[in-house]
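What follows is a set of notes on a single structure, which appears directly below.
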Amino acid sequence: MEQARHPSFTRFQSFDLLATLVAVVRGDGTVLFANAALEDALGTSRRMIEGSPLPDCFTEPHILQNALEGAGSNEFAALRYDAWLRRLNHEPLPVHVIVAQTERPGEIIVELLPLEAQAKQDREERLIDQAQANKELIRNLAHEIKNPLGGIRGAAQLLQLEIDAGLTEYTQVIIHEADRLQTLVDRLLAPHRRPHVVGDVNIHEVCERVRSLILAEFPRGLKVGREYDTSIPEFRGDREQLIQAVLNIAHNACQALAERIHAGDAQLVFRTRIARQVTFGKQRYRLALELHVMDNGPGVPDSIKDRIFYPLVSGREGGSGLGLTLAQTFVQQHHGLIECDSVPGRTDFKILIPLP
């Protein structure tokens, strides 16, 4: 029956073997074919889906309709965005939508990749709560350390004036270590002391500034690539804070790349993209900046993978463990978030910031 009603069925039936949700539609959104996975996800029969408008299956149908019109007029070969799929007797399903042209005029393939929405939301909520807890911990701890630290240094200086010259090396150790701790405390308090200076930010100027700093420090053995989407608009933000955030991430990557830099095949890549209809930080945004800082290093150690944004957690001997904590703080002051995806040979830090 199905094949008799839909001549296209035979041509598209291989889509039934896919776990992803697939529909073939006309330019106006009318469904020509729906695979079994889409049928299961919508909770309705293929007979009901085919011949109906696919945009009506989404909570925001106009977005898909605009995408289909763009594909039909050859504005692009493929388009991606996140959306919510309506389901019979179920909560809407978060999906990543890929709209692509086919070889035949008037036919468009729409592929839907279900997102692990709950896991993603839980992870983001943990990051936000963790960052807030970090902020309070850092501020309170730094203030508690700062006052007695000044007393220790002052007492050591007075003691140095009274003791034999042969013992001054011990007071020098006290003074030196007190100064080192003071520097650490100043770094902990820095983001809370400095006012948020807002202006127009071009994210590619930020990336280029960081790129020049990294290449000045690592002139050999490291290739720093860039894959920019030049259509990304300027947005309001603190340029210096964002430079510091990206620099901290990039610098951490370069330190992890030490062996590859020595071998001459280290790679660091800055990639910018626009994300559409994304949800993070419990809010949905029409547009967001995606800035990826990627490297081909050994990856984040499993032992600290879930704690890399905690203060004083470092995968490198001698590291302060503050770089990523401060980066997350700076990005969250822009209502954004940093996520990390890391396996041996590929680490991707993704900065998400809402766009106007």
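Going by the structure tokens order, chains are called A, B, ..., each with residues numbered from 1, while ligands are numbered from 1 in the order shown.
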
DSSP strand (DSSP E or B) selection over segment 70-266 of chain A, as a count of residues only: 42

Expected answer as a ChimeraX atom specification: alpha helix (DSSP H) residues in segment 129-346 of chain A: /A:129-162,168-193,203-217,239-256,258-263,323-332

Between atom CA of Phe349 of chain A and atom CA of Val95 of chain A, distance in Å (one decimal): 22.2 Å

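Nearest to Ala23 of chain A of all the residues A:Glu111, A:Glu169, A:Asp82, A:Glu205 is A:Glu111, counting only C-alpha atoms.
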
Distance query segment 58-73 of chain A at most 6 Å, only C-alpha atoms, self and fewer than 2 positions along chain excluded, as a ChimeraX atom specification: /A:27,55-56,75-76,84-86

Can I get the selection written as a compact mmCIF listing (two decimals), in the first residue's frame, with C-alpha atoms?
# COMPACT_ATOMS: atom_id res chain seq x y z
CA GLY A 27 9.94 23.35 -1.21
CA PRO A 55 7.02 22.73 9.60
CA ASP A 56 3.82 22.12 11.58
CA GLU A 75 20.96 30.40 -1.01
CA PHE A 76 22.90 27.53 0.57
CA TRP A 84 12.01 21.43 19.15
CA LEU A 85 9.94 18.71 17.48
CA ARG A 86 6.31 18.29 18.54

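In this model, the gap between atom CA of Arg226 of chain A and atom CA of Leu242 of chain A comes to 17.1 Å.
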
Residue among A:His90, A:His96, A:His251, A:Arg239 lying closest to Val331 of chain A, counting only C-alpha atoms: A:Arg239

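From atom CA of Asp229 of chain A back to atom CA of Ala266 of chain A, the distance works out to 23.4 Å.
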
Residue with smallest distance to Ala19 of chain A - pool A:Glu208, A:Asp179, A:Asp306, A:Asp40, counting only C-alpha atoms: A:Asp40

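Nearest residue to Leu42 of chain A, choosing from A:Leu54, A:Leu21, A:Ala216, A:Leu88 and counting only C-alpha atoms: A:Leu88.
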